[in-house]
>>> print(open('my_file14.pdb').read())   # PDB, C-alpha atoms and all ligand atoms
ATOM      1  CA  MET E   1       0.000   0.000   0.000  1.00  0.00           C
ATOM      2  CA  ILE E   2       2.846   2.385   0.857  1.00  0.00           C
ATOM      3  CA  ALA E   3       4.455   1.590  -2.496  1.00  0.00           C
ATOM      4  CA  ALA E   4       1.204   2.366  -4.304  1.00  0.00           C
ATOM      5  CA  ARG E   5       0.999   5.765  -2.597  1.00  0.00           C
ATOM      6  CA  ARG E   6       4.508   6.494  -3.735  1.00  0.00           C
ATOM      7  CA  TRP E   7       3.707   5.688  -7.364  1.00  0.00           C
ATOM      8  CA  LEU E   8       0.723   8.006  -7.186  1.00  0.00           C
ATOM      9  CA  ARG E   9       2.551  10.882  -5.568  1.00  0.00           C
ATOM     10  CA  TRP E  10       5.271  11.363  -8.118  1.00  0.00           C
ATOM     11  CA  PRO E  11       5.801  13.263 -10.330  1.00  0.00           C
ATOM     12  CA  MET E  12       3.798  16.280  -9.273  1.00  0.00           C
ATOM     13  CA  VAL E  13       3.473  19.681 -10.841  1.00  0.00           C
ATOM     14  CA  HIS E  14       2.718  22.653  -8.635  1.00  0.00           C
ATOM     15  CA  LEU E  15      -0.626  24.219  -9.274  1.00  0.00           C
ATOM     16  CA  GLY E  16      -0.713  27.982  -9.396  1.00  0.00           C
ATOM     17  CA  GLY E  17       2.218  30.151 -10.291  1.00  0.00           C
ATOM     18  CA  HIS E  18       2.921  31.512 -13.718  1.00  0.00           C
ATOM     19  CA  ARG E  19       4.561  28.375 -15.093  1.00  0.00           C
ATOM     20  CA  PRO E  20       4.565  24.627 -14.437  1.00  0.00           C
ATOM     21  CA  ALA E  21       7.263  23.314 -12.099  1.00  0.00           C
ATOM     22  CA  PHE E  22       7.870  19.751 -10.971  1.00  0.00           C
ATOM     23  CA  THR E  23       8.366  18.942  -7.306  1.00  0.00           C
ATOM     24  CA  ALA E  24      11.700  17.506  -6.188  1.00  0.00           C
ATOM     25  CA  SER E  25      11.905  13.764  -6.699  1.00  0.00           C
ATOM     26  CA  PRO E  26      11.723  11.374  -3.775  1.00  0.00           C
ATOM     27  CA  GLU E  27      14.651   9.052  -3.172  1.00  0.00           C
ATOM     28  CA  GLY E  28      14.974   6.329  -5.770  1.00  0.00           C
ATOM     29  CA  ARG E  29      13.043   8.195  -8.456  1.00  0.00           C
ATOM     30  CA  PRO E  30      14.425  10.197 -11.368  1.00  0.00           C
ATOM     31  CA  ASP E  31      14.473  13.993 -11.363  1.00  0.00           C
ATOM     32  CA  ILE E  32      12.090  15.267 -14.008  1.00  0.00           C
ATOM     33  CA  GLY E  33      12.329  18.737 -15.471  1.00  0.00           C
ATOM     34  CA  PHE E  34      12.229  20.834 -18.618  1.00  0.00           C
ATOM     35  CA  LEU E  35      14.922  20.707 -21.271  1.00  0.00           C
ATOM     36  CA  ALA E  36      14.370  24.469 -21.534  1.00  0.00           C
ATOM     37  CA  ASP E  37      15.550  24.891 -17.930  1.00  0.00           C
ATOM     38  CA  ASP E  38      18.705  22.806 -18.295  1.00  0.00           C
ATOM     39  CA  SER E  39      20.207  22.415 -21.741  1.00  0.00           C
ATOM     40  CA  ARG E  40      23.680  21.256 -20.634  1.00  0.00           C
ATOM     41  CA  HIS E  41      23.098  17.843 -22.197  1.00  0.00           C
ATOM     42  CA  PHE E  42      21.139  19.044 -25.213  1.00  0.00           C
ATOM     43  CA  ASP E  43      23.475  17.402 -27.738  1.00  0.00           C
ATOM     44  CA  LEU E  44      23.477  14.096 -25.872  1.00  0.00           C
ATOM     45  CA  PHE E  45      19.671  13.960 -25.891  1.00  0.00           C
ATOM     46  CA  ALA E  46      19.641  14.951 -29.574  1.00  0.00           C
ATOM     47  CA  ARG E  47      22.133  12.162 -30.364  1.00  0.00           C
ATOM     48  CA  TRP E  48      19.962   9.568 -28.608  1.00  0.00           C
ATOM     49  CA  LEU E  49      16.868  10.669 -30.538  1.00  0.00           C
ATOM     50  CA  TYR E  50      18.804  10.792 -33.780  1.00  0.00           C
ATOM     51  CA  ALA E  51      20.150   7.238 -33.330  1.00  0.00           C
ATOM     52  CA  GLU E  52      16.735   5.848 -32.351  1.00  0.00           C
ATOM     53  CA  TRP E  53      14.485   7.504 -34.931  1.00  0.00           C
ATOM     54  CA  SER E  54      16.193   9.966 -37.316  1.00  0.00           C
ATOM     55  CA  GLN E  55      19.093   7.877 -38.584  1.00  0.00           C
ATOM     56  CA  PRO E  56      16.956   4.826 -39.468  1.00  0.00           C
ATOM     57  CA  ARG E  57      14.690   7.143 -41.499  1.00  0.00           C
ATOM     58  CA  GLY E  58      17.626   8.802 -43.272  1.00  0.00           C
ATOM     59  CA  GLU E  59      17.052  12.136 -41.529  1.00  0.00           C
ATOM     60  CA  THR E  60      19.959  14.339 -40.481  1.00  0.00           C
ATOM     61  CA  PHE E  61      21.333  15.056 -37.022  1.00  0.00           C
ATOM     62  CA  GLU E  62      21.003  18.781 -37.745  1.00  0.00           C
ATOM     63  CA  ASN E  63      17.267  18.401 -38.322  1.00  0.00           C
ATOM     64  CA  ARG E  64      16.904  16.485 -35.078  1.00  0.00           C
ATOM     65  CA  GLN E  65      18.739  19.272 -33.249  1.00  0.00           C
ATOM     66  CA  ILE E  66      16.457  21.892 -34.814  1.00  0.00           C
ATOM     67  CA  SER E  67      13.380  19.898 -33.885  1.00  0.00           C
ATOM     68  CA  LEU E  68      14.561  19.449 -30.282  1.00  0.00           C
ATOM     69  CA  ARG E  69      15.538  23.103 -29.968  1.00  0.00           C
ATOM     70  CA  GLY E  70      11.963  23.942 -30.938  1.00  0.00           C
ATOM     71  CA  GLN E  71      10.748  21.998 -27.897  1.00  0.00           C
ATOM     72  CA  MET E  72      12.535  24.177 -25.354  1.00  0.00           C
ATOM     73  CA  HIS E  73       9.392  25.642 -23.819  1.00  0.00           C
ATOM     74  CA  VAL E  74       7.801  25.195 -20.415  1.00  0.00           C
ATOM     75  CA  ASP E  75       4.218  26.399 -20.848  1.00  0.00           C
ATOM     76  CA  ARG E  76       3.415  26.074 -24.527  1.00  0.00           C
ATOM     77  CA  LEU E  77       3.726  23.188 -26.952  1.00  0.00           C
ATOM     78  CA  PRO E  78       5.914  21.548 -28.029  1.00  0.00           C
ATOM     79  CA  ILE E  79       7.727  20.777 -24.783  1.00  0.00           C
ATOM     80  CA  ALA E  80      10.587  18.371 -24.048  1.00  0.00           C
ATOM     81  CA  LEU E  81      10.877  16.893 -20.551  1.00  0.00           C
ATOM     82  CA  THR E  82      14.044  15.239 -19.332  1.00  0.00           C
ATOM     83  CA  ALA E  83      14.819  12.709 -16.621  1.00  0.00           C
ATOM     84  CA  TYR E  84      18.034  12.525 -14.628  1.00  0.00           C
ATOM     85  CA  TRP E  85      19.107   9.585 -12.522  1.00  0.00           C
ATOM     86  CA  GLU E  86      21.537  10.537  -9.744  1.00  0.00           C
ATOM     87  CA  GLY E  87      22.544  13.557 -11.795  1.00  0.00           C
ATOM     88  CA  ASN E  88      23.032  11.656 -15.047  1.00  0.00           C
ATOM     89  CA  PRO E  89      20.868  12.167 -18.163  1.00  0.00           C
ATOM     90  CA  ALA E  90      18.547   9.142 -18.266  1.00  0.00           C
ATOM     91  CA  GLY E  91      15.573   9.862 -20.519  1.00  0.00           C
ATOM     92  CA  ILE E  92      13.535  12.297 -22.533  1.00  0.00           C
ATOM     93  CA  VAL E  93       9.962  12.714 -23.803  1.00  0.00           C
ATOM     94  CA  SER E  94       7.999  15.297 -25.792  1.00  0.00           C
ATOM     95  CA  LEU E  95       4.501  16.707 -25.513  1.00  0.00           C
ATOM     96  CA  ARG E  96       3.432  18.047 -28.892  1.00  0.00           C
ATOM     97  CA  ARG E  97       0.316  19.170 -30.680  1.00  0.00           C
ATOM     98  CA  THR E  98       0.245  16.487 -33.387  1.00  0.00           C
ATOM     99  CA  ASP E  99       2.070  13.246 -34.086  1.00  0.00           C
ATOM    100  CA  LEU E 100      -0.089  10.974 -36.241  1.00  0.00           C
ATOM    101  CA  HIS E 101      -1.366  12.346 -39.549  1.00  0.00           C
ATOM    102  CA  THR E 102      -4.486  10.149 -39.414  1.00  0.00           C
ATOM    103  CA  ARG E 103      -5.569  11.926 -36.200  1.00  0.00           C
ATOM    104  CA  ALA E 104      -4.806  15.567 -36.765  1.00  0.00           C
ATOM    105  CA  HIS E 105      -7.725  16.843 -34.695  1.00  0.00           C
ATOM    106  CA  VAL E 106      -6.962  15.258 -31.332  1.00  0.00           C
ATOM    107  CA  GLY E 107      -4.083  15.793 -28.966  1.00  0.00           C
ATOM    108  CA  PRO E 108      -1.748  16.782 -27.534  1.00  0.00           C
ATOM    109  CA  TRP E 109       0.538  13.802 -28.116  1.00  0.00           C
ATOM    110  CA  LEU E 110       3.156  12.144 -25.978  1.00  0.00           C
ATOM    111  CA  SER E 111       5.986  11.476 -28.377  1.00  0.00           C
ATOM    112  CA  ALA E 112       9.595  10.306 -28.651  1.00  0.00           C
ATOM    113  CA  LEU E 113       9.820   8.683 -25.230  1.00  0.00           C
ATOM    114  CA  LEU E 114      13.353   7.404 -24.881  1.00  0.00           C
ATOM    115  CA  VAL E 115      15.289   6.041 -21.917  1.00  0.00           C
ATOM    116  CA  ASP E 116      19.018   5.393 -22.101  1.00  0.00           C
ATOM    117  CA  PRO E 117      19.540   1.605 -22.025  1.00  0.00           C
ATOM    118  CA  ALA E 118      21.708   2.022 -18.901  1.00  0.00           C
ATOM    119  CA  TYR E 119      18.662   3.327 -16.980  1.00  0.00           C
ATOM    120  CA  ARG E 120      15.880   1.100 -18.267  1.00  0.00           C
ATOM    121  CA  HIS E 121      13.610  -0.999 -16.023  1.00  0.00           C
ATOM    122  CA  LEU E 122      13.996   1.473 -13.164  1.00  0.00           C
ATOM    123  CA  GLY E 123      10.738   3.271 -13.745  1.00  0.00           C
ATOM    124  CA  VAL E 124      12.224   6.229 -15.636  1.00  0.00           C
ATOM    125  CA  GLY E 125       9.961   5.671 -18.647  1.00  0.00           C
ATOM    126  CA  ARG E 126       6.891   5.320 -16.491  1.00  0.00           C
ATOM    127  CA  ASP E 127       7.731   8.511 -14.576  1.00  0.00           C
ATOM    128  CA  LEU E 128       8.271  10.448 -17.804  1.00  0.00           C
ATOM    129  CA  VAL E 129       4.852   9.286 -19.014  1.00  0.00           C
ATOM    130  CA  ALA E 130       3.262  10.330 -15.710  1.00  0.00           C
ATOM    131  CA  ALA E 131       5.048  13.684 -15.829  1.00  0.00           C
ATOM    132  CA  THR E 132       3.713  14.274 -19.334  1.00  0.00           C
ATOM    133  CA  LEU E 133       0.154  13.654 -18.141  1.00  0.00           C
ATOM    134  CA  ALA E 134       0.654  15.989 -15.195  1.00  0.00           C
ATOM    135  CA  LEU E 135       2.113  18.694 -17.422  1.00  0.00           C
ATOM    136  CA  ALA E 136      -0.720  18.405 -19.941  1.00  0.00           C
ATOM    137  CA  GLY E 137      -3.179  18.747 -17.046  1.00  0.00           C
ATOM    138  CA  TRP E 138      -1.405  21.897 -15.864  1.00  0.00           C
ATOM    139  CA  LEU E 139      -1.708  23.269 -19.391  1.00  0.00           C
ATOM    140  CA  GLY E 140      -5.450  22.594 -19.343  1.00  0.00           C
ATOM    141  CA  TYR E 141      -5.687  19.660 -21.747  1.00  0.00           C
ATOM    142  CA  PRO E 142      -8.230  16.999 -20.700  1.00  0.00           C
ATOM    143  CA  GLU E 143      -6.394  14.103 -22.364  1.00  0.00           C
ATOM    144  CA  VAL E 144      -3.147  13.049 -24.003  1.00  0.00           C
ATOM    145  CA  TRP E 145      -2.746  10.740 -27.004  1.00  0.00           C
ATOM    146  CA  LEU E 146       0.103   8.597 -28.254  1.00  0.00           C
ATOM    147  CA  PHE E 147       0.789   5.915 -30.788  1.00  0.00           C
ATOM    148  CA  THR E 148       3.252   3.097 -30.664  1.00  0.00           C
ATOM    149  CA  PRO E 149       4.273   0.532 -33.259  1.00  0.00           C
ATOM    150  CA  ASP E 150       5.626  -1.996 -30.754  1.00  0.00           C
ATOM    151  CA  ARG E 151       5.179  -0.937 -27.108  1.00  0.00           C
ATOM    152  CA  ARG E 152       1.517  -1.737 -26.605  1.00  0.00           C
ATOM    153  CA  SER E 153       1.902  -3.663 -23.339  1.00  0.00           C
ATOM    154  CA  PHE E 154       4.016  -0.907 -21.752  1.00  0.00           C
ATOM    155  CA  TYR E 155       1.189   1.625 -22.136  1.00  0.00           C
ATOM    156  CA  GLU E 156      -1.571  -0.870 -21.323  1.00  0.00           C
ATOM    157  CA  GLU E 157       0.171  -1.551 -18.023  1.00  0.00           C
ATOM    158  CA  LEU E 158       0.211   2.162 -17.318  1.00  0.00           C
ATOM    159  CA  GLY E 159      -3.548   2.345 -17.720  1.00  0.00           C
ATOM    160  CA  TRP E 160      -3.785   3.920 -21.165  1.00  0.00           C
ATOM    161  CA  GLU E 161      -6.955   3.234 -23.177  1.00  0.00           C
ATOM    162  CA  ARG E 162      -6.359   1.785 -26.621  1.00  0.00           C
ATOM    163  CA  VAL E 163      -8.716   3.164 -29.247  1.00  0.00           C
ATOM    164  CA  GLU E 164      -9.992   1.421 -32.370  1.00  0.00           C
ATOM    165  CA  PRO E 165      -7.692   1.824 -35.372  1.00  0.00           C
ATOM    166  CA  LEU E 166      -9.003   3.903 -38.256  1.00  0.00           C
ATOM    167  CA  ALA E 167      -9.238   2.386 -41.720  1.00  0.00           C
ATOM    168  CA  ALA E 168      -6.232   4.451 -42.858  1.00  0.00           C
ATOM    169  CA  GLU E 169      -4.198   3.124 -39.912  1.00  0.00           C
ATOM    170  CA  LEU E 170      -5.076  -0.488 -40.729  1.00  0.00           C
ATOM    171  CA  ARG E 171      -3.345  -0.001 -44.066  1.00  0.00           C
ATOM    172  CA  GLN E 172      -0.063   1.028 -42.356  1.00  0.00           C
ATOM    173  CA  THR E 173       2.740  -1.402 -41.614  1.00  0.00           C
ATOM    174  CA  PRO E 174       2.977  -1.919 -38.736  1.00  0.00           C
ATOM    175  CA  VAL E 175      -0.528  -0.846 -37.716  1.00  0.00           C
ATOM    176  CA  PRO E 176       0.029   1.756 -34.972  1.00  0.00           C
ATOM    177  CA  ASP E 177      -1.557   1.149 -31.596  1.00  0.00           C
ATOM    178  CA  VAL E 178      -3.247   4.417 -30.642  1.00  0.00           C
ATOM    179  CA  PHE E 179      -3.850   5.244 -26.989  1.00  0.00           C
ATOM    180  CA  ARG E 180      -5.326   8.043 -24.960  1.00  0.00           C
ATOM    181  CA  HIS E 181      -5.301   8.881 -21.260  1.00  0.00           C
ATOM    182  CA  ALA E 182      -7.054  11.501 -19.164  1.00  0.00           C
ATOM    183  CA  THR E 183      -4.624  14.039 -17.773  1.00  0.00           C
ATOM    184  CA  TRP E 184      -4.083  14.531 -14.108  1.00  0.00           C
ATOM    185  CA  ILE E 185      -2.983  17.446 -12.071  1.00  0.00           C
ATOM    186  CA  THR E 186      -1.559  17.758  -8.617  1.00  0.00           C
ATOM    187  CA  ASP E 187      -2.175  20.068  -5.739  1.00  0.00           C
ATOM    188  CA  GLY E 188      -0.191  18.783  -2.812  1.00  0.00           C
ATOM    189  CA  ASP E 189      -1.866  15.479  -3.499  1.00  0.00           C
ATOM    190  CA  VAL E 190      -2.545  13.675  -6.746  1.00  0.00           C
ATOM    191  CA  ARG E 191      -6.018  13.505  -8.181  1.00  0.00           C
ATOM    192  CA  ALA E 192      -7.355  12.361 -11.482  1.00  0.00           C
ATOM    193  CA  ALA E 193      -8.783  14.865 -13.906  1.00  0.00           C
ATOM    194  CA  GLY E 194     -11.395  13.179 -16.050  1.00  0.00           C
ATOM    195  CA  SER E 195     -11.544   9.430 -15.716  1.00  0.00           C
ATOM    196  CA  GLY E 196     -10.782   9.303 -12.011  1.00  0.00           C
ATOM    197  CA  ALA E 197      -8.318   6.503 -12.706  1.00  0.00           C
ATOM    198  CA  LEU E 198      -4.602   6.749 -12.172  1.00  0.00           C
ATOM    199  CA  PRO E 199      -2.052   4.152 -13.170  1.00  0.00           C
ATOM    200  CA  GLN E 200      -1.384   2.062 -10.114  1.00  0.00           C
ATOM    201  CA  ARG E 201       1.639  -0.127  -9.644  1.00  0.00           C
ATOM    202  CA  ALA E 202       2.251  -2.521  -6.810  1.00  0.00           C
TER     203      ALA E 202
HETATM  204  C1  LIG E 301       9.962   1.933 -23.700  1.00  0.00           C
HETATM  205  C2  LIG E 301      10.979   2.572 -22.762  1.00  0.00           C
HETATM  206  C3  LIG E 301      10.814   4.095 -22.823  1.00  0.00           C
HETATM  207  C4  LIG E 301      10.698   2.086 -21.330  1.00  0.00           C
HETATM  208  O1  LIG E 301      11.571   2.793 -20.460  1.00  0.00           O
HETATM  209  P1  LIG E 301      11.923   2.239 -18.997  1.00  0.00           P
HETATM  210  O2  LIG E 301      12.513   3.351 -18.233  1.00  0.00           O
HETATM  211  O3  LIG E 301      12.673   0.981 -19.090  1.00  0.00           O
HETATM  212  O4  LIG E 301      10.452   1.967 -18.475  1.00  0.00           O
HETATM  213  P2  LIG E 301      10.043   1.503 -17.018  1.00  0.00           P
HETATM  214  O5  LIG E 301      11.224   1.146 -16.216  1.00  0.00           O
HETATM  215  O6  LIG E 301       9.132   2.540 -16.477  1.00  0.00           O
HETATM  216  O7  LIG E 301       9.196   0.225 -17.349  1.00  0.00           O
HETATM  217  C5  LIG E 301       9.746  -0.731 -18.267  1.00  0.00           C
HETATM  218  C6  LIG E 301       9.742  -2.060 -17.682  1.00  0.00           C
HETATM  219  O8  LIG E 301      10.446  -2.084 -16.477  1.00  0.00           O
HETATM  220  C7  LIG E 301       9.651  -2.687 -15.480  1.00  0.00           C
HETATM  221  N1  LIG E 301      10.040  -2.004 -14.257  1.00  0.00           N
HETATM  222  C8  LIG E 301       9.762  -0.761 -13.904  1.00  0.00           C
HETATM  223  N2  LIG E 301      10.294  -0.477 -12.696  1.00  0.00           N
HETATM  224  C9  LIG E 301      10.943  -1.600 -12.318  1.00  0.00           C
HETATM  225  C10 LIG E 301      11.699  -1.935 -11.187  1.00  0.00           C
HETATM  226  N3  LIG E 301      11.901  -1.062 -10.173  1.00  0.00           N
HETATM  227  N4  LIG E 301      12.277  -3.156 -11.140  1.00  0.00           N
HETATM  228  C11 LIG E 301      12.084  -4.030 -12.155  1.00  0.00           C
HETATM  229  N5  LIG E 301      11.368  -3.749 -13.249  1.00  0.00           N
HETATM  230  C12 LIG E 301      10.791  -2.564 -13.327  1.00  0.00           C
HETATM  231  C13 LIG E 301       8.250  -2.425 -15.897  1.00  0.00           C
HETATM  232  O9  LIG E 301       7.352  -3.399 -15.402  1.00  0.00           O
HETATM  233  C14 LIG E 301       8.376  -2.555 -17.381  1.00  0.00           C
HETATM  234  O10 LIG E 301       8.345  -3.900 -17.733  1.00  0.00           O
HETATM  235  P3  LIG E 301       8.351  -4.357 -19.261  1.00  0.00           P
HETATM  236  O11 LIG E 301       9.655  -3.926 -19.883  1.00  0.00           O
HETATM  237  O12 LIG E 301       8.217  -5.835 -19.177  1.00  0.00           O
HETATM  238  O13 LIG E 301       7.202  -3.687 -19.918  1.00  0.00           O
HETATM  239  C15 LIG E 301      12.434   2.172 -23.124  1.00  0.00           C
HETATM  240  O14 LIG E 301      12.525   0.770 -23.202  1.00  0.00           O
HETATM  241  C16 LIG E 301      12.949   2.784 -24.409  1.00  0.00           C
HETATM  242  O15 LIG E 301      13.441   3.921 -24.407  1.00  0.00           O
HETATM  243  N6  LIG E 301      12.825   2.021 -25.535  1.00  0.00           N
HETATM  244  C17 LIG E 301      13.288   2.503 -26.840  1.00  0.00           C
HETATM  245  C18 LIG E 301      12.426   3.607 -27.399  1.00  0.00           C
HETATM  246  C19 LIG E 301      10.950   3.259 -27.383  1.00  0.00           C
HETATM  247  O16 LIG E 301      10.530   2.178 -27.747  1.00  0.00           O
HETATM  248  N7  LIG E 301      10.154   4.267 -26.953  1.00  0.00           N
HETATM  249  C20 LIG E 301       8.713   4.144 -26.892  1.00  0.00           C
HETATM  250  C21 LIG E 301       8.156   4.573 -28.186  1.00  0.00           C
HETATM  251  S1  LIG E 301       6.413   4.297 -28.262  1.00  0.00           S
END
>>> encode(input="my_file14.pdb", output="C-alpha cells")
Amino acid sequence: MIAARRWLRWPMVHLGGHRPAFTASPEGRPDIGFLADDSRHFDLFARWLYAEWSQPRGETFENRQISLRGQMHVDRLPIALTAYWEGNPAGIVSLRRTDLHTRAHVGPWLSALLVDPAYRHLGVGRDLVAATLALAGWLGYPEVWLFTPDRRSFYEELGWERVEPLAAELRQTPVPDVFRHATWITDGDVRAAGSGALPQRA
C-alpha cells in the first residue's frame, strides 16, 4: 500500500504560479524537469533521438537538433521533458500538438519517449509518461494521445486506453496502436482529472 501511494505521488506539478514546475523527486526516483531549464546535455539527448528515430529514417542530425531546440518551452507546446538519474541524463519525452497524420484533430501527443539503455527498467519511462500527463493537465488539456508501433503492453500496463484503429491506420505497416489517457494534475496530493483513474503499480 505504501508503495502504491509512492507511485501516485510522483511526479507532481505545482498548481498555481505563472509556469509549471515539478516537485523535487523522492529518493529512488528520477528527477524530471524541462529541457528548456537545463540544456547542458542538449546534444546528448539529440544524439539519442537521432540514433533511435532519425538515422533509421535517413534524416539528419542537424534536423533532429532543430526539432529538439523547438521543444525548449515550459508552458506552450511543443515541450521536451528530461529525466536525470543521480545527476546523469537518463531519458527524454515530448509533448506536442500532433504526431499521427491520421488523427490531426486530437491531442496533444506524448511522443519520442526514450530512456538510455543504462537506466531502463527502473521506472524512468513510467515517470516520464506520468510527468507528461501531469504537465498536460497543468496546461489545461483533458487528455493526451500517443501511438506506438511496438510498445503496446508498456502503455496498457500504465492504464492507457487503446482506441480502435481507423481504416487508414489499418493499411499502415505496422498498424500503430493508438492510446489516450485523461490528464491529471496535482495540488499537494494527486487527483485524477477526467476518468478518475490513475495508473497504479504494486
Ligand atoms: C519503452 C521505454 C521508454 C521504457 O523505459 P523504462 O525506463 O525501461 O520503463 P520503465 O522502467 O518505467 O518500465 C519498463 C519495464 O520495467 C519494469 N520495471 C519498472 N520499474 C521496475 C523496477 N523497479 N524493477 C524491475 N522492473 C521494473 C516495468 O514493469 C516494465 O516492464 P516491461 O519492460 O516488461 O514492460 C524504453 O525501453 C525505451 O526507451 N525504448 C526505446 C524507445 C521506445 O521504444 N520508446 C517508446 C516509443 S512508443
>>> resolve_selection(input="my_file14.pdb", expression="the PyMOL selection byres (((not hetatm)) within 10 of (chain E and resi 301))", output="PyMOL selection string")
chain E and resi 28-30+48-49+52-53+83+90-93+110-130+146-158+176-178+201
>>> closest_residue(input="my_file14.pdb", among="E:Thr102, E:Arg76, E:Thr60, E:Tyr84", to="Arg171 (chain E)", atoms="all atoms listed in the file")
E:Thr102
>>> residues_near_point(input="my_file14.pdb", point="(-4.6, 7.2, -27.9)", cutoff="7 Å", atoms="all atoms listed in the file", output="compact mmCIF listing (two decimals) with C-alpha atoms, in the coordinates of the input")
# COMPACT_ATOMS: atom_id res chain seq x y z
CA TRP E 145 -2.75 10.74 -27.00
CA LEU E 146 0.10 8.60 -28.25
CA PHE E 147 0.79 5.92 -30.79
CA GLU E 161 -6.96 3.23 -23.18
CA ARG E 162 -6.36 1.78 -26.62
CA VAL E 163 -8.72 3.16 -29.25
CA VAL E 178 -3.25 4.42 -30.64
CA PHE E 179 -3.85 5.24 -26.99
CA ARG E 180 -5.33 8.04 -24.96
CA HIS E 181 -5.30 8.88 -21.26
>>> atom_distance(input="my_file14.pdb", atom1="CA of Asn63 (chain E)", atom2="CA of Tyr50 (chain E)")
9.0 Å
>>> atom_distance(input="my_file14.pdb", atom1="CA of Trp184 (chain E)", atom2="CA of Ala21 (chain E)")
14.5 Å
>>> resolve_selection(input="my_file14.pdb", expression="the PyMOL selection byres (((chain E and resi 96-101) around 9) and not hetatm)", output="CSV table (one decimal) with C-alpha atoms, in the coordinates of the input")
chain,number,residue,atom,x,y,z
E,71,GLN,CA,10.7,22.0,-27.9
E,77,LEU,CA,3.7,23.2,-27.0
E,78,PRO,CA,5.9,21.5,-28.0
E,79,ILE,CA,7.7,20.8,-24.8
E,80,ALA,CA,10.6,18.4,-24.0
E,94,SER,CA,8.0,15.3,-25.8
E,95,LEU,CA,4.5,16.7,-25.5
E,102,THR,CA,-4.5,10.1,-39.4
E,103,ARG,CA,-5.6,11.9,-36.2
E,104,ALA,CA,-4.8,15.6,-36.8
E,105,HIS,CA,-7.7,16.8,-34.7
E,106,VAL,CA,-7.0,15.3,-31.3
E,107,GLY,CA,-4.1,15.8,-29.0
E,108,PRO,CA,-1.7,16.8,-27.5
E,109,TRP,CA,0.5,13.8,-28.1
E,110,LEU,CA,3.2,12.1,-26.0
E,111,SER,CA,6.0,11.5,-28.4
E,145,TRP,CA,-2.7,10.7,-27.0
E,146,LEU,CA,0.1,8.6,-28.3
E,147,PHE,CA,0.8,5.9,-30.8
>>> atom_distance(input="my_file14.pdb", atom1="CA of Ile185 (chain E)", atom2="CA of Glu86 (chain E)")
25.6 Å
>>> closest_residue(input="my_file14.pdb", among="E:Ala134, E:Ile66, E:Leu166, E:Met72", to="Phe22 (chain E)", atoms="only C-alpha atoms")
E:Ala134
>>> axis_aligned_box(input="my_file14.pdb", around="region 16-32 of chain E", padding_each_side="3 Å", output="lines of an AutoDock Vina configuration file")
center_x = 7.1
center_y = 18.9
center_z = -9.1
size_x = 21.7
size_y = 31.2
size_z = 17.9
>>> closest_residue(input="my_file14.pdb", among="E:Thr183, E:Pro165, E:Ala131, E:Gly33", to="Pro11 (chain E)", atoms="all atoms listed in the file")
E:Ala131
>>> residues_around(input="my_file14.pdb", residues="Ala24 (chain E)", least_positions_apart="6", cutoff="9 Å", atoms="all atoms listed in the file", output="PyMOL selection string")
chain E and resi 11-12+31-32
>>> closest_residue(input="my_file14.pdb", among="E:Leu68, E:Leu35, E:Leu15, E:His41", to="Gly140 (chain E)", atoms="only C-alpha atoms")
E:Leu15
>>> resolve_selection(input="my_file14.pdb", expression="the PyMOL selection byres (((chain E and resi 142) around 6) and not hetatm)", output="PyMOL selection string")
chain E and resi 141+143+182-183
>>> closest_residue(input="my_file14.pdb", among="E:Leu139, E:Ala36, E:Glu27, E:Gly17", to="Leu81 (chain E)", atoms="all atoms listed in the file")
E:Ala36
>>> decode(input="my_file14.pdb", residues="region 52-63 of chain E", atoms="N, CA and C atoms", output="CSV table (one decimal), in the first residue's frame")
chain,number,residue,atom,x,y,z
E,52,GLU,N,17.9,6.7,-32.5
E,52,GLU,CA,16.7,5.8,-32.4
E,52,GLU,C,15.8,6.0,-33.5
E,53,TRP,N,15.5,7.3,-33.9
E,53,TRP,CA,14.5,7.5,-34.9
E,53,TRP,C,14.9,8.2,-36.2
E,54,SER,N,15.9,9.2,-36.1
E,54,SER,CA,16.2,10.0,-37.3
E,54,SER,C,17.1,9.2,-38.3
E,55,GLN,N,18.1,8.6,-37.7
E,55,GLN,CA,19.1,7.9,-38.6
E,55,GLN,C,18.4,6.7,-39.4
E,56,PRO,N,17.6,5.9,-38.7
E,56,PRO,CA,17.0,4.8,-39.5
E,56,PRO,C,16.1,5.3,-40.6
E,57,ARG,N,15.6,6.6,-40.4
E,57,ARG,CA,14.7,7.1,-41.5
E,57,ARG,C,15.5,8.0,-42.5
E,58,GLY,N,16.8,8.0,-42.3
E,58,GLY,CA,17.6,8.8,-43.3
E,58,GLY,C,17.6,10.3,-43.0
E,59,GLU,N,17.1,10.7,-41.8
E,59,GLU,CA,17.1,12.1,-41.5
E,59,GLU,C,18.4,12.6,-40.9
E,60,THR,N,18.6,13.9,-40.9
E,60,THR,CA,20.0,14.3,-40.5
E,60,THR,C,20.0,14.7,-39.0
E,61,PHE,N,21.2,14.7,-38.4
E,61,PHE,CA,21.3,15.1,-37.0
E,61,PHE,C,21.0,16.5,-36.8
E,62,GLU,N,21.3,17.3,-37.8
E,62,GLU,CA,21.0,18.8,-37.7
E,62,GLU,C,19.5,19.0,-37.6
E,63,ASN,N,18.7,18.2,-38.4
E,63,ASN,CA,17.3,18.4,-38.3
E,63,ASN,C,16.7,18.0,-37.0
